[in-house]
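Enquirer: Dropping in data-v3.pdb, which is PDB, C-alpha atoms:
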```pdb
ATOM      1  CA  MET O 542       0.000   0.000   0.000  1.00  0.00           C
ATOM      2  CA  GLU O 543       2.753   2.457   0.943  1.00  0.00           C
ATOM      3  CA  ASP O 544       4.503   1.772  -2.374  1.00  0.00           C
ATOM      4  CA  GLU O 545       1.305   2.610  -4.248  1.00  0.00           C
ATOM      5  CA  VAL O 546       1.008   5.869  -2.297  1.00  0.00           C
ATOM      6  CA  GLN O 547       4.636   6.772  -3.092  1.00  0.00           C
ATOM      7  CA  ILE O 548       4.140   5.994  -6.794  1.00  0.00           C
ATOM      8  CA  LEU O 549       0.984   8.122  -6.766  1.00  0.00           C
ATOM      9  CA  ILE O 550       2.820  11.094  -5.217  1.00  0.00           C
ATOM     10  CA  GLU O 551       5.710  10.778  -7.695  1.00  0.00           C
ATOM     11  CA  SER O 552       3.279  10.572 -10.594  1.00  0.00           C
ATOM     12  CA  SER O 553       1.452  13.737  -9.500  1.00  0.00           C
ATOM     13  CA  GLU O 554       4.789  15.554  -9.069  1.00  0.00           C
ATOM     14  CA  GLU O 555       5.717  14.507 -12.604  1.00  0.00           C
ATOM     15  CA  LYS O 556       2.447  15.967 -13.936  1.00  0.00           C
ATOM     16  CA  MET O 557       3.109  19.222 -12.066  1.00  0.00           C
ATOM     17  CA  GLN O 558       6.658  19.369 -13.450  1.00  0.00           C
ATOM     18  CA  LYS O 559       5.296  18.920 -16.981  1.00  0.00           C
ATOM     19  CA  ALA O 560       2.929  21.861 -16.407  1.00  0.00           C
ATOM     20  CA  ILE O 561       5.930  24.011 -15.415  1.00  0.00           C
ATOM     21  CA  GLU O 562       7.922  22.899 -18.478  1.00  0.00           C
ATOM     22  CA  HIS O 563       4.975  23.681 -20.755  1.00  0.00           C
ATOM     23  CA  LEU O 564       4.590  27.116 -19.172  1.00  0.00           C
ATOM     24  CA  ASP O 565       8.307  27.783 -19.692  1.00  0.00           C
ATOM     25  CA  ARG O 566       8.027  26.916 -23.401  1.00  0.00           C
ATOM     26  CA  GLU O 567       4.930  29.072 -23.861  1.00  0.00           C
ATOM     27  CA  LEU O 568       6.455  32.060 -22.035  1.00  0.00           C
ATOM     28  CA  GLY O 569       9.551  31.742 -24.227  1.00  0.00           C
ATOM     29  CA  LYS O 570       7.399  32.294 -27.301  1.00  0.00           C
ATOM     30  CA  ILE O 571       5.898  35.512 -25.915  1.00  0.00           C
ATOM     31  CA  ARG O 572       8.132  38.349 -26.939  1.00  0.00           C
ATOM     32  CA  ALA O 573       9.362  40.702 -24.257  1.00  0.00           C
ATOM     33  CA  GLY O 574      10.725  43.570 -26.327  1.00  0.00           C
ATOM     34  CA  LYS O 575      14.132  41.931 -26.575  1.00  0.00           C
ATOM     35  CA  ALA O 576      15.105  39.687 -29.475  1.00  0.00           C
ATOM     36  CA  ASN O 577      15.131  36.035 -28.464  1.00  0.00           C
ATOM     37  CA  PRO O 578      15.767  33.012 -30.712  1.00  0.00           C
ATOM     38  CA  LYS O 579      12.916  31.194 -28.887  1.00  0.00           C
ATOM     39  CA  MET O 580      10.513  33.617 -30.600  1.00  0.00           C
ATOM     40  CA  LEU O 581      11.026  31.603 -33.782  1.00  0.00           C
ATOM     41  CA  ASP O 582      10.380  28.195 -32.179  1.00  0.00           C
ATOM     42  CA  GLY O 583       7.674  26.379 -34.049  1.00  0.00           C
ATOM     43  CA  ILE O 584       8.399  28.008 -37.413  1.00  0.00           C
ATOM     44  CA  MET O 585       8.483  25.352 -40.128  1.00  0.00           C
ATOM     45  CA  VAL O 586      10.426  25.908 -43.357  1.00  0.00           C
ATOM     46  CA  GLU O 587       9.878  24.019 -46.594  1.00  0.00           C
ATOM     47  CA  TYR O 588      13.086  22.082 -47.183  1.00  0.00           C
ATOM     48  CA  TYR O 589      13.228  19.816 -50.235  1.00  0.00           C
ATOM     49  CA  GLY O 590       9.489  19.295 -50.180  1.00  0.00           C
ATOM     50  CA  SER O 591       9.048  18.590 -46.473  1.00  0.00           C
ATOM     51  CA  MET O 592       8.308  20.916 -43.578  1.00  0.00           C
ATOM     52  CA  THR O 593      11.330  21.193 -41.292  1.00  0.00           C
ATOM     53  CA  PRO O 594      11.853  23.225 -38.081  1.00  0.00           C
ATOM     54  CA  LEU O 595      13.807  26.433 -38.734  1.00  0.00           C
ATOM     55  CA  GLN O 596      16.511  25.423 -36.232  1.00  0.00           C
ATOM     56  CA  GLN O 597      17.325  22.389 -38.422  1.00  0.00           C
ATOM     57  CA  VAL O 598      18.046  24.411 -41.578  1.00  0.00           C
ATOM     58  CA  ALA O 599      19.777  27.471 -40.092  1.00  0.00           C
ATOM     59  CA  SER O 600      21.530  28.822 -37.041  1.00  0.00           C
ATOM     60  CA  VAL O 601      19.507  31.403 -35.154  1.00  0.00           C
ATOM     61  CA  ASN O 602      21.193  33.920 -32.842  1.00  0.00           C
ATOM     62  CA  THR O 603      20.870  37.438 -31.479  1.00  0.00           C
ATOM     63  CA  PRO O 604      23.840  39.701 -32.262  1.00  0.00           C
ATOM     64  CA  ASP O 605      22.209  42.539 -30.272  1.00  0.00           C
ATOM     65  CA  PRO O 606      19.042  43.020 -28.138  1.00  0.00           C
ATOM     66  CA  ARG O 607      16.957  44.249 -31.103  1.00  0.00           C
ATOM     67  CA  THR O 608      18.075  41.856 -33.871  1.00  0.00           C
ATOM     68  CA  ILE O 609      17.697  38.178 -34.672  1.00  0.00           C
ATOM     69  CA  ALA O 610      20.130  36.816 -37.272  1.00  0.00           C
ATOM     70  CA  ILE O 611      19.333  33.627 -39.149  1.00  0.00           C
ATOM     71  CA  GLN O 612      22.232  32.043 -41.022  1.00  0.00           C
ATOM     72  CA  PRO O 613      20.935  29.273 -43.323  1.00  0.00           C
ATOM     73  CA  TRP O 614      23.126  26.217 -43.878  1.00  0.00           C
ATOM     74  CA  GLU O 615      22.401  26.597 -47.631  1.00  0.00           C
ATOM     75  CA  LYS O 616      22.117  30.005 -49.344  1.00  0.00           C
ATOM     76  CA  GLY O 617      19.184  28.742 -51.437  1.00  0.00           C
ATOM     77  CA  MET O 618      17.082  28.511 -48.258  1.00  0.00           C
ATOM     78  CA  ILE O 619      16.934  32.290 -47.665  1.00  0.00           C
ATOM     79  CA  GLY O 620      13.682  32.752 -49.641  1.00  0.00           C
ATOM     80  CA  SER O 621      11.973  29.811 -47.922  1.00  0.00           C
ATOM     81  CA  ILE O 622      13.025  31.081 -44.495  1.00  0.00           C
ATOM     82  CA  GLU O 623      11.719  34.590 -45.208  1.00  0.00           C
ATOM     83  CA  LYS O 624       8.436  33.159 -46.489  1.00  0.00           C
ATOM     84  CA  ALA O 625       8.044  30.905 -43.423  1.00  0.00           C
ATOM     85  CA  ILE O 626       8.614  33.858 -41.037  1.00  0.00           C
ATOM     86  CA  MET O 627       6.082  36.010 -42.903  1.00  0.00           C
ATOM     87  CA  ASN O 628       3.527  33.149 -42.903  1.00  0.00           C
ATOM     88  CA  ALA O 629       4.035  32.553 -39.157  1.00  0.00           C
ATOM     89  CA  ASN O 630       2.235  35.854 -38.558  1.00  0.00           C
ATOM     90  CA  LEU O 631       4.507  36.987 -35.711  1.00  0.00           C
ATOM     91  CA  GLY O 632       4.452  40.615 -36.781  1.00  0.00           C
ATOM     92  CA  LEU O 633       8.135  40.428 -37.730  1.00  0.00           C
ATOM     93  CA  ASN O 634       9.570  41.583 -41.050  1.00  0.00           C
ATOM     94  CA  PRO O 635      12.556  39.565 -42.265  1.00  0.00           C
ATOM     95  CA  ASP O 636      15.155  41.272 -44.400  1.00  0.00           C
ATOM     96  CA  ASN O 637      18.015  39.507 -46.216  1.00  0.00           C
ATOM     97  CA  ASN O 638      21.354  40.574 -47.620  1.00  0.00           C
ATOM     98  CA  GLY O 639      21.939  37.441 -49.717  1.00  0.00           C
ATOM     99  CA  GLU O 640      23.931  35.775 -46.918  1.00  0.00           C
ATOM    100  CA  LEU O 641      21.643  35.827 -43.908  1.00  0.00           C
ATOM    101  CA  VAL O 642      18.170  36.866 -42.826  1.00  0.00           C
ATOM    102  CA  ARG O 643      17.909  39.651 -40.248  1.00  0.00           C
ATOM    103  CA  ILE O 644      14.840  40.477 -38.233  1.00  0.00           C
ATOM    104  CA  ASN O 645      14.664  43.804 -36.425  1.00  0.00           C
ATOM    105  CA  VAL O 646      12.480  43.438 -33.352  1.00  0.00           C
ATOM    106  CA  PRO O 647      10.557  46.708 -32.910  1.00  0.00           C
ATOM    107  CA  PRO O 648      10.092  48.088 -29.390  1.00  0.00           C
ATOM    108  CA  LEU O 649       6.722  47.264 -27.855  1.00  0.00           C
ATOM    109  CA  THR O 650       4.005  49.873 -27.436  1.00  0.00           C
ATOM    110  CA  GLU O 651       2.404  50.283 -24.004  1.00  0.00           C
ATOM    111  CA  GLU O 652      -0.842  48.807 -25.312  1.00  0.00           C
ATOM    112  CA  ARG O 653       0.981  45.773 -26.738  1.00  0.00           C
ATOM    113  CA  ARG O 654       2.812  45.296 -23.440  1.00  0.00           C
ATOM    114  CA  GLN O 655      -0.515  45.236 -21.576  1.00  0.00           C
ATOM    115  CA  SER O 656      -1.948  42.622 -23.944  1.00  0.00           C
ATOM    116  CA  LEU O 657       1.218  40.493 -23.613  1.00  0.00           C
ATOM    117  CA  VAL O 658       0.935  40.661 -19.809  1.00  0.00           C
ATOM    118  CA  LYS O 659      -2.674  39.426 -20.125  1.00  0.00           C
ATOM    119  CA  GLN O 660      -1.456  36.576 -22.332  1.00  0.00           C
ATOM    120  CA  VAL O 661       1.243  35.720 -19.759  1.00  0.00           C
ATOM    121  CA  LYS O 662      -1.347  35.688 -16.954  1.00  0.00           C
ATOM    122  CA  LYS O 663      -3.599  33.395 -19.010  1.00  0.00           C
ATOM    123  CA  GLU O 664      -0.704  30.957 -19.585  1.00  0.00           C
ATOM    124  CA  GLY O 665       0.038  31.091 -15.854  1.00  0.00           C
ATOM    125  CA  GLU O 666      -3.580  30.362 -14.969  1.00  0.00           C
ATOM    126  CA  ASP O 667      -3.560  27.384 -17.368  1.00  0.00           C
ATOM    127  CA  ALA O 668      -0.441  26.049 -15.602  1.00  0.00           C
ATOM    128  CA  ARG O 669      -2.032  26.538 -12.155  1.00  0.00           C
ATOM    129  CA  VAL O 670      -5.156  24.687 -13.327  1.00  0.00           C
ATOM    130  CA  SER O 671      -2.994  21.780 -14.568  1.00  0.00           C
ATOM    131  CA  ILE O 672      -1.202  21.638 -11.224  1.00  0.00           C
ATOM    132  CA  ARG O 673      -4.478  21.699  -9.274  1.00  0.00           C
ATOM    133  CA  ASN O 674      -5.885  18.989 -11.560  1.00  0.00           C
ATOM    134  CA  ALA O 675      -2.868  16.809 -10.740  1.00  0.00           C
ATOM    135  CA  ARG O 676      -3.572  17.406  -7.025  1.00  0.00           C
ATOM    136  CA  ARG O 677      -7.262  16.545  -7.439  1.00  0.00           C
ATOM    137  CA  ASP O 678      -6.449  13.341  -9.366  1.00  0.00           C
ATOM    138  CA  ALA O 679      -3.954  12.287  -6.670  1.00  0.00           C
ATOM    139  CA  ASN O 680      -6.469  12.978  -3.876  1.00  0.00           C
ATOM    140  CA  ASP O 681      -9.174  11.002  -5.731  1.00  0.00           C
ATOM    141  CA  GLU O 682      -6.784   8.050  -6.076  1.00  0.00           C
ATOM    142  CA  LEU O 683      -5.933   8.293  -2.373  1.00  0.00           C
ATOM    143  CA  LYS O 684      -9.647   8.118  -1.480  1.00  0.00           C
ATOM    144  CA  LYS O 685      -9.978   4.980  -3.642  1.00  0.00           C
ATOM    145  CA  LEU O 686      -6.959   3.457  -1.890  1.00  0.00           C
ATOM    146  CA  LYS O 687      -8.517   4.314   1.489  1.00  0.00           C
ATOM    147  CA  LYS O 688     -11.652   2.396   0.478  1.00  0.00           C
ATOM    148  CA  ASP O 689      -9.366  -0.516  -0.449  1.00  0.00           C
ATOM    149  CA  GLY O 690      -7.885  -0.534   3.055  1.00  0.00           C
ATOM    150  CA  LEU O 691      -5.287   2.246   3.209  1.00  0.00           C
ATOM    151  CA  PRO O 692      -5.024   3.469   6.816  1.00  0.00           C
ATOM    152  CA  GLU O 693      -6.524   6.939   7.328  1.00  0.00           C
ATOM    153  CA  ASP O 694      -3.335   8.431   8.814  1.00  0.00           C
ATOM    154  CA  LEU O 695      -1.360   7.319   5.730  1.00  0.00           C
ATOM    155  CA  GLU O 696      -3.989   8.890   3.489  1.00  0.00           C
ATOM    156  CA  LYS O 697      -3.826  12.187   5.430  1.00  0.00           C
ATOM    157  CA  ASP O 698       0.013  12.196   5.298  1.00  0.00           C
ATOM    158  CA  ALA O 699      -0.071  11.563   1.543  1.00  0.00           C
ATOM    159  CA  GLU O 700      -2.660  14.314   1.025  1.00  0.00           C
ATOM    160  CA  GLY O 701      -0.387  16.651   2.975  1.00  0.00           C
ATOM    161  CA  GLN O 702       2.573  15.726   0.760  1.00  0.00           C
ATOM    162  CA  VAL O 703       0.516  16.309  -2.388  1.00  0.00           C
ATOM    163  CA  GLN O 704      -0.604  19.700  -1.039  1.00  0.00           C
ATOM    164  CA  LYS O 705       3.031  20.674  -0.313  1.00  0.00           C
ATOM    165  CA  LEU O 706       3.960  19.746  -3.886  1.00  0.00           C
ATOM    166  CA  THR O 707       1.027  21.767  -5.197  1.00  0.00           C
ATOM    167  CA  ASP O 708       2.078  24.824  -3.157  1.00  0.00           C
ATOM    168  CA  LYS O 709       5.693  24.470  -4.342  1.00  0.00           C
ATOM    169  CA  TYR O 710       4.747  24.268  -8.029  1.00  0.00           C
ATOM    170  CA  VAL O 711       2.165  27.063  -7.829  1.00  0.00           C
ATOM    171  CA  LYS O 712       4.897  29.251  -6.284  1.00  0.00           C
ATOM    172  CA  ASN O 713       7.169  28.308  -9.221  1.00  0.00           C
ATOM    173  CA  VAL O 714       4.441  29.493 -11.597  1.00  0.00           C
ATOM    174  CA  GLU O 715       4.075  32.777  -9.675  1.00  0.00           C
ATOM    175  CA  ASP O 716       7.845  33.382  -9.813  1.00  0.00           C
ATOM    176  CA  MET O 717       8.002  32.643 -13.558  1.00  0.00           C
ATOM    177  CA  LEU O 718       5.069  34.977 -14.242  1.00  0.00           C
ATOM    178  CA  ALA O 719       6.541  37.799 -12.161  1.00  0.00           C
ATOM    179  CA  LYS O 720       9.872  37.501 -14.005  1.00  0.00           C
ATOM    180  CA  LYS O 721       8.223  37.461 -17.447  1.00  0.00           C
ATOM    181  CA  GLU O 722       5.914  40.373 -16.562  1.00  0.00           C
ATOM    182  CA  LYS O 723       8.928  42.389 -15.413  1.00  0.00           C
ATOM    183  CA  ASP O 724      10.687  41.562 -18.698  1.00  0.00           C
ATOM    184  CA  ILE O 725       7.692  42.719 -20.743  1.00  0.00           C
ATOM    185  CA  MET O 726       7.088  45.930 -18.808  1.00  0.00           C
ATOM    186  CA  THR O 727      10.769  46.959 -18.778  1.00  0.00           C
ATOM    187  CA  VAL O 728      11.193  49.481 -21.587  1.00  0.00           C
TER     188      VAL O 728
END
```
Rewrite the coordinates I just gave you, this time as C-alpha cells.
Expert:
Amino acid sequence: MEDEVQILIESSEEKMQKAIEHLDRELGKIRAGKANPKMLDGIMVEYYGSMTPLQQVASVNTPDPRTIAIQPWEKGMIGSIEKAIMNANLGLNPDNNGELVRINVPPLTEERRQSLVKQVKKEGEDARVSIRNARRDANDELKKLKKDGLPEDLEKDAEGQVQKLTDKYVKNVEDMLAKKEKDIMTV
C-alpha cells in the first residue's frame, strides 16, 4: 500500500513538473521587447518538399538586443526562411542581404505590453489549473486506496505531501510569471 502511495505522489509531481515545463516553453514564445531566438520556435520551413523546423536548416542567434540573425546552412534557403517567417504571422519583417536573414524586433508599445501581460497571466492560470488537476487526481486516487484498506493516517500524510507539492509548483508558476511580466514591462 505504501509503495502505491509513493508511486501516486511521484506521478502527481511529474504531472506538475510537466505543467511548469509547458509554461516555460509558452512564455519563451511571448516576446518581451528583446530579441530572443525562442521567438522563432515552431516556425516550419519548406526544405526539399518537407516541412522542417527552422533550427534544423539554419543557425539562429541574437547579435544585439533588437536583432535576430538567421544564417541558413544553404544560401538557397533564404527565400523559404523569409516566407516561413512572414507566414508565421509573428508581426516580424525579415530582411536579407543574400547571406543571412535579419529580423529587427521593434520596441513594444504600451498597449501591446498590456496585452502580452494578459497573455502571460492566461498561460500562468492554465499552468495553475494543470497543477491543481494533478492534485485533485492524486487525492481522488488516495480516497480509492482508502476504500481498499489504506489506513486513514497514511492517506492524510499523503494528502499533505501532495498539497506541499502543489504549493511548491504554484509558487514556481508565480515566480516565472513575475519575471516574465517584469521583462515585458521593462522598456
Enquirer: For the file shown, report as a PyMOL selection string the outcome of the PyMOL selection byres ((chain O and resi 601-606) around 12) at residue level.
Expert: chain O and resi 572-582+584+594-600+607-614+622+641-648
Enquirer: Can you measure atom CA of O:Arg677 to atom CA of O:Pro692 for me? One decimal in Å is fine.
Expert: 19.5 Å
Enquirer: Care to translate the PyMOL selection byres ((chain O and resi 547-550) around 12) into actual residues of this file, as number ranges by chain?
Expert: O: 542-546, 551-557, 675-686, 695-696, 698-707
Enquirer: Would you please work out which residue, of O:Leu691, O:Tyr710, O:Lys570, O:Lys721, is nearest to O:Leu631 when using only C-alpha atoms?
Expert: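 Looking at the shortest contact to O:Leu631, the residue is O:Lys570.
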Enquirer: Rank nothing, just name the residue among O:Lys723, O:Lys687, O:Lys624, O:Lys712 nearest to O:Ala668, using all atoms listed in the file.
Expert: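 Of the candidates, the smallest distance to O:Ala668 is held by O:Lys712.
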Enquirer: Using only C-alpha atoms, which of O:Ile619, O:Ala560, O:Ala625, O:Ile672 sits nearest O:Glu587?
Expert: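 Ranked by minimum distance to O:Glu587, first place goes to O:Ala625.
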Enquirer: What is the distance between atom CA of O:Glu615 and atom CA of O:Met592, in Å to one decimal?
Expert: 15.7 Å
Enquirer: Using atom CA of O:Lys559 and atom CA of O:Asn630 as the two end points, give the distance in Å to one decimal.
Expert: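 The value is 27.6 Å.
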Enquirer: Hey, could you pull the box centre and edge lengths for stretch 708-716 of chain O, axis-aligned, 6 Å padding per side, all listed atoms, to one decimal in Å, as AutoDock Vina command-line options?
Expert:
```
--center_x 5.0 --center_y 28.8 --center_z -7.4 --size_x 17.8 --size_y 21.1 --size_z 20.4
```
Enquirer: Quick one: of O:Asp694, O:Gln558, O:Ser621, O:Leu633, who's nearest to O:Thr593, counting all atoms listed in the file?
Expert: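 Nearest to O:Thr593: O:Ser621.
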Enquirer: Given the file shown, enumerate the residues that the PyMOL selection byres ((chain O and resi 659) around 12) captures and present them as a list in words.
Expert: Leu568, Ile571, Glu652, Arg653, Arg654, Gln655, Ser656, Leu657, Val658, Gln660, Val661, Lys662, Lys663, Glu664, Gly665, Glu666, Leu718, Lys721, Glu722, Ile725 and Met726 of chain O
